[in-house]
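File shown: data32.tsv. Contents: TSV, C-alpha atoms and all ligand atoms.
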chain	number	residue	atom	x	y	z
A	26	MET	CA	103.36	118.46	76.12
A	27	ALA	CA	101.80	119.62	79.39
A	28	LYS	CA	103.60	118.56	82.56
A	29	CYS	CA	102.15	115.58	84.34
A	30	VAL	CA	102.96	115.48	88.04
A	31	GLY	CA	102.00	111.82	88.39
A	32	ARG	CA	104.39	110.87	85.62
A	33	GLU	CA	107.23	112.98	86.97
A	34	LEU	CA	106.93	111.46	90.45
A	35	VAL	CA	107.16	107.93	89.10
A	36	GLU	CA	109.86	108.82	86.60
A	37	ALA	CA	111.94	110.25	89.43
A	38	LYS	CA	111.83	106.82	91.08
A	39	GLY	CA	113.41	105.26	88.01
A	40	VAL	CA	110.37	103.80	86.25
A	41	ASP	CA	110.35	103.71	82.45
A	42	VAL	CA	106.94	105.41	82.26
A	43	ASP	CA	106.43	104.90	78.53
A	44	ARG	CA	106.97	101.17	78.95
A	45	LEU	CA	104.71	101.13	81.99
A	46	LEU	CA	101.97	103.01	80.15
A	47	ASN	CA	102.18	100.65	77.19
A	48	ALA	CA	101.75	97.72	79.57
A	49	LEU	CA	98.85	99.38	81.40
A	50	VAL	CA	97.04	100.28	78.17
A	51	GLU	CA	97.55	96.77	76.85
A	52	ARG	CA	96.14	95.35	80.08
A	53	ALA	CA	93.15	97.70	79.99
A	54	LEU	CA	92.35	96.66	76.41
A	55	ALA	CA	92.88	93.01	77.30
A	56	GLU	CA	90.44	93.30	80.21
A	57	LEU	CA	87.88	94.99	78.00
A	58	GLY	CA	88.44	92.33	75.35
A	59	ASN	CA	88.06	89.58	77.92
A	60	TYR	CA	84.77	91.10	79.03
A	61	TYR	CA	83.59	91.05	75.42
A	62	TYR	CA	84.77	87.53	74.69
A	63	PHE	CA	83.50	86.15	77.99
A	64	THR	CA	80.13	87.57	76.98
A	65	LEU	CA	80.31	85.43	73.84
A	66	VAL	CA	81.44	82.39	75.82
A	67	ARG	CA	78.53	82.81	78.17
A	68	ILE	CA	76.12	82.84	75.23
A	69	HIS	CA	77.79	79.79	73.69
A	70	LEU	CA	77.26	77.91	76.92
A	71	LEU	CA	73.54	78.61	77.08
A	72	GLY	CA	71.49	75.51	76.52
A	73	VAL	CA	74.42	73.12	76.72
A	74	ASP	CA	75.81	71.14	79.62
A	75	GLY	CA	77.85	74.04	80.92
A	76	GLU	CA	75.89	75.65	83.71
A	77	ALA	CA	78.71	75.41	86.27
A	78	LEU	CA	81.24	76.94	83.89
A	79	ARG	CA	78.75	79.58	82.80
A	80	ARG	CA	78.35	80.73	86.42
A	81	ILE	CA	82.12	81.02	86.87
A	82	ILE	CA	82.51	82.85	83.58
A	83	GLU	CA	79.79	85.30	84.55
A	84	GLN	CA	81.74	86.23	87.70
A	85	VAL	CA	85.09	86.38	85.89
A	86	ARG	CA	83.53	88.54	83.20
A	87	GLU	CA	82.28	91.07	85.76
A	88	GLN	CA	85.66	91.13	87.50
A	89	ASP	CA	87.45	91.77	84.21
A	90	ARG	CA	85.16	94.70	83.51
A	91	HIS	CA	86.01	96.02	86.95
A	92	HIS	CA	89.72	95.52	86.27
A	93	PHE	CA	89.37	97.67	83.15
A	94	GLU	CA	87.77	100.41	85.23
A	95	MET	CA	90.51	100.14	87.86
A	96	LEU	CA	93.27	100.51	85.27
A	97	VAL	CA	91.93	103.46	83.30
A	98	PRO	CA	92.31	106.17	86.01
A	99	ARG	CA	95.93	105.15	86.64
A	100	ILE	CA	96.73	105.41	82.91
A	101	TYR	CA	95.50	109.00	82.87
A	102	GLU	CA	97.16	109.88	86.18
A	103	LEU	CA	100.45	108.90	84.57
A	104	GLY	CA	99.76	111.10	81.54
A	105	GLY	CA	98.75	108.27	79.23
A	106	ARG	CA	95.56	107.74	77.31
A	107	LEU	CA	93.50	105.02	75.75
A	108	PRO	CA	93.52	104.70	71.95
A	109	GLU	CA	90.78	106.43	69.99
A	110	THR	CA	89.71	103.15	68.41
A	111	VAL	CA	90.18	99.64	69.70
A	112	GLU	CA	89.08	97.29	66.97
A	113	GLN	CA	92.57	96.05	66.08
A	114	GLU	CA	93.83	95.97	69.63
A	115	LEU	CA	90.93	93.95	71.00
A	116	GLY	CA	91.25	91.52	68.13
A	117	ALA	CA	94.95	90.96	68.67
A	118	LEU	CA	95.23	90.39	72.42
A	119	GLY	CA	94.83	87.25	74.43
A	120	ALA	CA	93.93	83.61	74.30
A	121	LEU	CA	90.18	84.19	74.16
A	122	ARG	CA	90.53	85.54	70.61
A	123	VAL	CA	90.85	82.03	69.26
A	124	LEU	CA	87.56	81.00	70.77
A	125	PRO	CA	85.67	78.85	68.25
A	126	ALA	CA	82.26	80.05	67.15
A	127	GLU	CA	80.66	76.89	68.51
A	128	ALA	CA	82.29	75.14	71.41
A	129	ASP	CA	81.49	72.78	74.25
A	130	VAL	CA	82.85	72.85	77.80
A	131	PRO	CA	85.91	70.62	77.16
A	132	SER	CA	87.05	72.84	74.32
A	133	ILE	CA	86.29	76.14	76.09
A	134	LEU	CA	88.03	75.31	79.38
A	135	PRO	CA	91.63	75.18	78.09
A	136	ILE	CA	91.09	78.49	76.28
A	137	VAL	CA	89.74	80.38	79.30
A	138	LEU	CA	92.45	78.84	81.46
A	139	ARG	CA	95.13	80.04	79.06
A	140	ALA	CA	93.58	83.53	79.14
A	141	ALA	CA	93.78	83.53	82.95
A	142	GLU	CA	97.40	82.38	82.83
A	143	GLU	CA	98.26	85.17	80.40
A	144	SER	CA	96.70	87.69	82.77
A	145	VAL	CA	98.59	86.38	85.79
A	146	HIS	CA	101.88	86.62	83.91
A	147	ALA	CA	101.09	90.12	82.65
A	148	TYR	CA	100.26	91.42	86.13
A	149	THR	CA	103.33	89.70	87.55
A	150	ASP	CA	105.38	91.70	85.04
A	151	LEU	CA	103.61	94.89	86.11
A	152	CYS	CA	104.36	94.15	89.77
A	153	MET	CA	108.02	93.54	88.94
A	154	MET	CA	108.17	96.74	86.90
A	155	THR	CA	106.81	98.91	89.72
A	156	ALA	CA	107.95	97.22	92.95
A	157	GLY	CA	109.65	99.74	95.22
A	158	LYS	CA	109.16	102.53	92.65
A	159	ASP	CA	105.48	103.15	91.98
A	160	ARG	CA	103.42	102.22	95.02
A	161	HIS	CA	100.06	103.06	93.47
A	162	THR	CA	100.47	100.99	90.30
A	163	TYR	CA	102.14	98.16	92.21
A	164	ASN	CA	99.20	97.79	94.60
A	165	LEU	CA	96.75	98.04	91.71
A	166	ALA	CA	98.53	95.32	89.73
A	167	LEU	CA	98.89	93.12	92.81
A	168	ALA	CA	95.18	93.35	93.63
A	169	ILE	CA	94.16	92.46	90.06
A	170	ARG	CA	96.75	89.70	89.92
A	171	ARG	CA	95.20	88.13	93.01
A	172	ASP	CA	91.84	88.02	91.22
A	173	GLU	CA	93.41	86.52	88.09
A	174	ILE	CA	95.02	83.75	90.16
A	175	GLN	CA	91.60	82.99	91.61
A	176	HIS	CA	90.20	82.76	88.08
A	177	GLN	CA	92.99	80.40	87.12
A	178	VAL	CA	92.41	78.19	90.16
A	179	ARG	CA	88.67	77.99	89.50
A	180	PHE	CA	89.22	76.93	85.89
A	181	LEU	CA	91.83	74.41	87.01
A	182	GLU	CA	89.37	72.97	89.51
A	183	MET	CA	86.86	72.51	86.72
A	184	LEU	CA	89.42	70.85	84.49
A	185	GLY	CA	90.20	68.34	87.22
A	186	ARG	CA	93.56	67.23	88.48
A	187	GLY	CA	94.16	64.55	85.86
A	188	ALA	CA	93.39	66.66	82.82
A	189	ALA	CA	95.19	69.68	84.27
A	190	GLU	CA	98.39	67.99	85.46
A	191	PRO	CA	100.83	70.03	83.35
A	192	ARG	CA	99.09	73.31	84.18
A	193	LEU	CA	98.89	72.56	87.91
A	194	GLN	CA	102.65	72.79	88.02
A	195	THR	CA	102.47	76.18	86.32
A	196	SER	CA	99.81	77.34	88.74
A	197	ALA	CA	101.81	76.19	91.75
A	198	ASP	CA	104.81	78.12	90.49
A	199	ILE	CA	102.70	81.21	90.09
A	200	LEU	CA	101.11	80.90	93.53
A	201	LEU	CA	104.58	80.51	95.00
A	202	SER	CA	105.69	83.69	93.28
A	203	VAL	CA	103.10	85.70	95.24
A	204	ALA	CA	105.42	85.46	98.21
A	205	GLN	CA	108.39	86.45	96.07
A	206	ILE	CA	106.70	89.59	94.77
A	207	GLY	CA	105.60	90.66	98.23
A	208	PRO	CA	102.50	92.06	99.87
A	209	PRO	CA	100.70	95.27	98.97
A	210	ILE	CA	102.11	98.41	100.51
A	211	PRO	CA	99.66	99.19	103.33
A	212	SER	CA	99.50	102.97	103.11
A	213	VAL	CA	97.63	102.89	99.78
A	214	GLY	CA	94.18	101.33	99.65
A	215	ILE	CA	93.07	99.66	96.40
A	216	ALA	CA	89.55	98.35	96.01
A	217	ARG	CA	89.41	94.63	95.38
A	218	ALA	CA	87.45	93.33	92.43
B	1	FE	FE	91.01	90.65	84.68

Encoded form using structure tokens:
Amino acid sequence: MAKCVGRELVEAKGVDVDRLLNALVERALAELGNYYYFTLVRIHLLGVDGEALRRIIEQVREQDRHHFEMLVPRIYELGGRLPETVEQELGALGALRVLPAEADVPSILPIVLRAAEESVHAYTDLCMMTAGKDRHTYNLALAIRRDEIQHQVRFLEMLGRGAAEPRLQTSADILLSVAQIGPPIPSVGIARA
């Protein structure tokens, strides 16, 4: 295998690069899958009483596509690669895969909220995996995680406090953990979604 400087630098800091690459590839496929499934959700919402949710989903969908494009260069910098085919992977990842063929707003909201929660947890794991060891990936994961928390909050707002009571506690815990993970490292600039 050809030497990969990016991989060696991170490996020297004590990162399990194979594990990191698996997580990054999984995230990239999940983002691509979310883009695909949010496209379906958007179509499902056409013509029903879901205009407000449709507008949010349109923005989240575009951000998830951007997240995919943010992740891919880092995967290759670390010597990884995306799979040749993605049919199985896209079908297996994430809450959106259980989206019913026909659904109204009350049934779609918990599904998209769960997808956002999964993303926040996954990027929290990536931050933990790279904190103090891989500045580039850490800042990348932190920036995307910030977007995913915003997605979660917007879906929670739509659900309403009463309906979302159990999840609000989860969200509060996650928001609190932003401080525990720490800020981005200032010397590396990562474009926000
Ligand atoms: Fe995303």

Self-check item: Pick from A:Val66, A:Val111, A:Leu57, A:Leu138 nearest to ligand FE 1 (chain B), counting only C-alpha atoms and all ligand atoms
Solution: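 Checking each candidate against ligand FE 1 (chain B), we get A:Leu57 as the closest.
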
Per residue of chain A within 6 Å of ligand FE 1 (chain B), record the nearest atom pair and its distance in Å to one decimal, counting only C-alpha atoms and all ligand atoms, with rows in chain order and ascending residue number, as a Markdown table.
| residue | atom | partner | partner_atom | distance |
| --- | --- | --- | --- | --- |
| A:Glu56 | CA | B:FE1 | FE | 5.2 |
| A:Asp89 | CA | B:FE1 | FE | 3.8 |
| A:His92 | CA | B:FE1 | FE | 5.3 |
| A:Glu173 | CA | B:FE1 | FE | 5.9 |

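Computed from the coordinates, the atom CA of Met153 of chain A to atom CA of Met95 of chain A distance equals 18.7 Å.
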
Quiz item: Interatomic distance between atom CA of Tyr61 of chain A and atom CA of Ser144 of chain A?
Solution: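 Calculated distance between atom CA of Tyr61 of chain A and atom CA of Ser144 of chain A is 15.4 Å.
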
Quiz prompt | Within 7 Å of segment 180-183 of chain A using all atoms listed in the file, minus same-chain residues under 3 positions, as a ChimeraX atom specification | solution = /A:134,138,176-177,189

Quiz item: Expressed in Å to a single decimal, how great is the separation between atom CA of Leu49 of chain A and atom CA of Val30 of chain A?
Solution: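 Calculated distance between atom CA of Leu49 of chain A and atom CA of Val30 of chain A is 17.9 Å.
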
Self-check item: Spatial neighbours of Leu167 of chain A, max dist 7 Å, all atoms listed in the file, sep filter under 3 positions, as a list in words
Solution: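 Skipping anything fewer than 3 positions along the chain leaves Cys152, Tyr163, Asn164, Arg170, Arg171 and Pro209 of chain A.
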
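Counting all atoms listed in the file and comparing A:Gln84, A:Thr155, A:Gln175, A:Asn59, the residue that lies closest to Val137 of chain A is A:Asn59.
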
Quiz item: Around (95.9, 101.1, 81.4) in the file's own coordinates, what residues are found within 12 Å if you use only C-alpha atoms, given back as an MDAnalysis selection string?
Solution: chainID A and resid 42:57 92:108 148 151 162 165:166

Practice problem: Using all atoms listed in the file, find the one residue out of A:Ala147, A:Ala156, A:Ala141, A:Val35 that sits nearest to Arg179 of chain A. | Solution: A:Ala141

Quiz prompt | Counting only C-alpha atoms, the residue of A:Cys29, A:Leu184, A:Leu34, A:Ile82 that sits nearest Leu70 of chain A | solution =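 Checking each of A:Cys29, A:Leu184, A:Leu34, A:Ile82 against Leu70 of chain A, counting only C-alpha atoms, the winner is A:Ile82.
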
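Among the candidates A:Asp41, A:Asp129, A:Glu109, A:Glu33, the one nearest to Glu76 of chain A when counting all atoms listed in the file is A:Asp129.
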